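Peer 1: Here it is, the structure in full.
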Amino acid sequence: MNKSIFSWVEIPVIDMDRAVMFYETVLGIKLQRMKLANDLEMSFITSPTGEVAGALCKYSEYYKPSVDGPLVYLTANPSIDIMQLKITSAKGKILREKTNIKPNTYMALFIDSEGNRMALLEEN
């Protein structure tokens with residue numbers, strides 16, 4: 001049984017090439033691109049354990065990047081400090097620097113290459 005209440009994440013993107021480059025740089029992984037029925041274009045995000053955890057989804061009436069929608073937290077691997085450097089080098093913007101939110105737990109907010117507000121979580 002899955003321990004998480006959330007089972008899937010879809011991140012809307014305008015420019016799939018730019019978004020894939022951004023997330024491959026920041027996460028240090030290779031995304032798998034696919035074109036599905038009805039012209040839906042997705043790039044799948046796979047966890048280090050090999051599980052598909054979500055996807056980038058090409059802009060449509062159902063997928064519109066926003067800073068106002070739900071906030072998705074990415075696991076900071078190996079650390080928020082290193083990921084913040086990757087985010088800025090990949091043309092993202094840091095909104096809130098690394099912040100201690102409880103003992104041994106930190107978060108940071110950023111805007112991705114497509115204009116989505118996202119977060120990082122580091123637990124030591």
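We label chains A, B, ... in the order they appear in the structure tokens, count residues from 1 in each chain, and number ligands from 1 in the order shown.
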What parts of chain A does DSSP call helix (DSSP H, G or I)? I'd like the answer as a list in words.

Peer 2: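 Here are the helix (DSSP H, G or I) residues of chain A: Met16, Asp17, Arg18, Ala19, Val20, Met21, Phe22, Tyr23, Glu24, Thr25, Val26, Leu27, Ala37, Asn38, Asp39, Ile80, Asp81, Ile82, Met83, Gln84, Leu85, Lys86, Ile87, Thr88 and Ser89 of chain A.
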
Peer 1: Which residues, written as a list of chain:residue names, have at least one atom at most 9 Å from Met16 in chain A, with only C-alpha atoms counted and residues fewer than 4 positions away on the same chain left out?

Peer 2: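 Result of the neighbour search: A:Val20, A:Met21, A:Glu41, A:Met42, A:Ser43, A:Leu56, A:Cys57, A:Lys58, A:Tyr59.
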
Peer 1: Could you write those residues out with N, CA and C atoms, as a PDB file, in the first residue's frame?

Peer 2:
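Result written to out.pdb:
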```pdb
ATOM      1  N   VAL A  20      12.183  20.780 -19.866  1.00  0.00           N
ATOM      2  CA  VAL A  20      12.958  19.549 -19.710  1.00  0.00           C
ATOM      3  C   VAL A  20      14.396  19.881 -19.335  1.00  0.00           C
ATOM      4  N   MET A  21      14.989  20.850 -20.013  1.00  0.00           N
ATOM      5  CA  MET A  21      16.354  21.260 -19.693  1.00  0.00           C
ATOM      6  C   MET A  21      16.436  21.749 -18.236  1.00  0.00           C
ATOM      7  N   GLU A  41       1.485  16.211 -24.770  1.00  0.00           N
ATOM      8  CA  GLU A  41       2.925  15.957 -24.690  1.00  0.00           C
ATOM      9  C   GLU A  41       3.336  15.993 -23.228  1.00  0.00           C
ATOM     10  N   MET A  42       4.014  14.933 -22.781  1.00  0.00           N
ATOM     11  CA  MET A  42       4.451  14.829 -21.395  1.00  0.00           C
ATOM     12  C   MET A  42       5.912  14.388 -21.334  1.00  0.00           C
ATOM     13  N   SER A  43       6.583  14.791 -20.267  1.00  0.00           N
ATOM     14  CA  SER A  43       7.931  14.314 -19.970  1.00  0.00           C
ATOM     15  C   SER A  43       7.890  13.782 -18.547  1.00  0.00           C
ATOM     16  N   LEU A  56       5.963  16.553 -16.585  1.00  0.00           N
ATOM     17  CA  LEU A  56       5.768  17.884 -17.149  1.00  0.00           C
ATOM     18  C   LEU A  56       4.702  17.713 -18.227  1.00  0.00           C
ATOM     19  N   CYS A  57       3.747  18.628 -18.293  1.00  0.00           N
ATOM     20  CA  CYS A  57       2.655  18.522 -19.257  1.00  0.00           C
ATOM     21  C   CYS A  57       2.575  19.786 -20.092  1.00  0.00           C
ATOM     22  N   LYS A  58       2.600  19.614 -21.405  1.00  0.00           N
ATOM     23  CA  LYS A  58       2.578  20.735 -22.351  1.00  0.00           C
ATOM     24  C   LYS A  58       1.303  21.555 -22.195  1.00  0.00           C
ATOM     25  N   TYR A  59       1.461  22.861 -22.289  1.00  0.00           N
ATOM     26  CA  TYR A  59       0.386  23.834 -22.154  1.00  0.00           C
ATOM     27  C   TYR A  59      -0.840  23.464 -22.990  1.00  0.00           C
TER      28      TYR A  59
END
```

Peer 1: Write down as a ChimeraX atom specification the residues of range 5-77 of chain A whose backbone DSSP state falls under strand (DSSP E or B).

Peer 2: /A:9-13,32-35,41-46,52-58,72-75

Peer 1: As a ChimeraX atom specification, please: the residues near Phe110 in chain A (cut-off 12 Å, only C-alpha atoms, same-chain neighbours under 2 positions excluded).

Peer 2: /A:26,67,71-74,80,83-88,90-98,107-108,112-121

Peer 1: Using only C-alpha atoms, determine which residues lie at most 12 Å from Ser47 in chain A, disregarding the query and same-chain residues fewer than 4 positions distant; provide the list as a list of chain:residue names.

Peer 2: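 Returned residues: A:Trp8, A:Leu27, A:Gly28, A:Ile29, A:Lys30, A:Leu31, A:Glu51, A:Val52, A:Ala53, A:Gly54, A:Ala55, A:Leu74, A:Thr75, A:Asn77.
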
Peer 1: Could you work out how far CA of Ser66 in chain A lies from CA of Ile11 in chain A, giving the answer in Å with one decimal?

Peer 2: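 Between these atoms lies a distance of 9.7 Å.
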
Peer 1: Hey, what's within 8 Å of Asn124 in chain A if we count only C-alpha atoms and toss same-chain stuff fewer than 2 positions away? As a PDB file with all heavy atoms, in the first residue's frame, please?

Peer 2:
```pdb
ATOM      1  N   ASN A 104      15.991  20.414  12.031  1.00  0.00           N
ATOM      2  CA  ASN A 104      16.571  19.600  10.958  1.00  0.00           C
ATOM      3  C   ASN A 104      15.743  19.571   9.674  1.00  0.00           C
ATOM      4  O   ASN A 104      15.889  18.658   8.867  1.00  0.00           O
ATOM      5  CB  ASN A 104      16.826  18.170  11.444  1.00  0.00           C
ATOM      6  CG  ASN A 104      17.764  18.133  12.622  1.00  0.00           C
ATOM      7  OD1 ASN A 104      18.787  18.803  12.626  1.00  0.00           O
ATOM      8  ND2 ASN A 104      17.406  17.382  13.641  1.00  0.00           N
ATOM      9  N   THR A 105      14.876  20.553   9.477  1.00  0.00           N
ATOM     10  CA  THR A 105      14.050  20.602   8.273  1.00  0.00           C
ATOM     11  C   THR A 105      14.070  22.012   7.690  1.00  0.00           C
ATOM     12  O   THR A 105      13.848  22.984   8.403  1.00  0.00           O
ATOM     13  CB  THR A 105      12.595  20.184   8.572  1.00  0.00           C
ATOM     14  OG1 THR A 105      12.600  18.893   9.180  1.00  0.00           O
ATOM     15  CG2 THR A 105      11.763  20.127   7.306  1.00  0.00           C
ATOM     16  N   GLU A 122      14.226  19.894   2.530  1.00  0.00           N
ATOM     17  CA  GLU A 122      15.414  19.163   2.967  1.00  0.00           C
ATOM     18  C   GLU A 122      15.206  18.748   4.410  1.00  0.00           C
ATOM     19  O   GLU A 122      14.957  19.579   5.280  1.00  0.00           O
ATOM     20  CB  GLU A 122      16.643  20.066   2.865  1.00  0.00           C
ATOM     21  CG  GLU A 122      17.924  19.426   3.316  1.00  0.00           C
ATOM     22  CD  GLU A 122      19.106  20.379   3.215  1.00  0.00           C
ATOM     23  OE1 GLU A 122      19.164  21.187   2.262  1.00  0.00           O
ATOM     24  OE2 GLU A 122      19.973  20.319   4.112  1.00  0.00           O
TER      25      GLU A 122
END
```
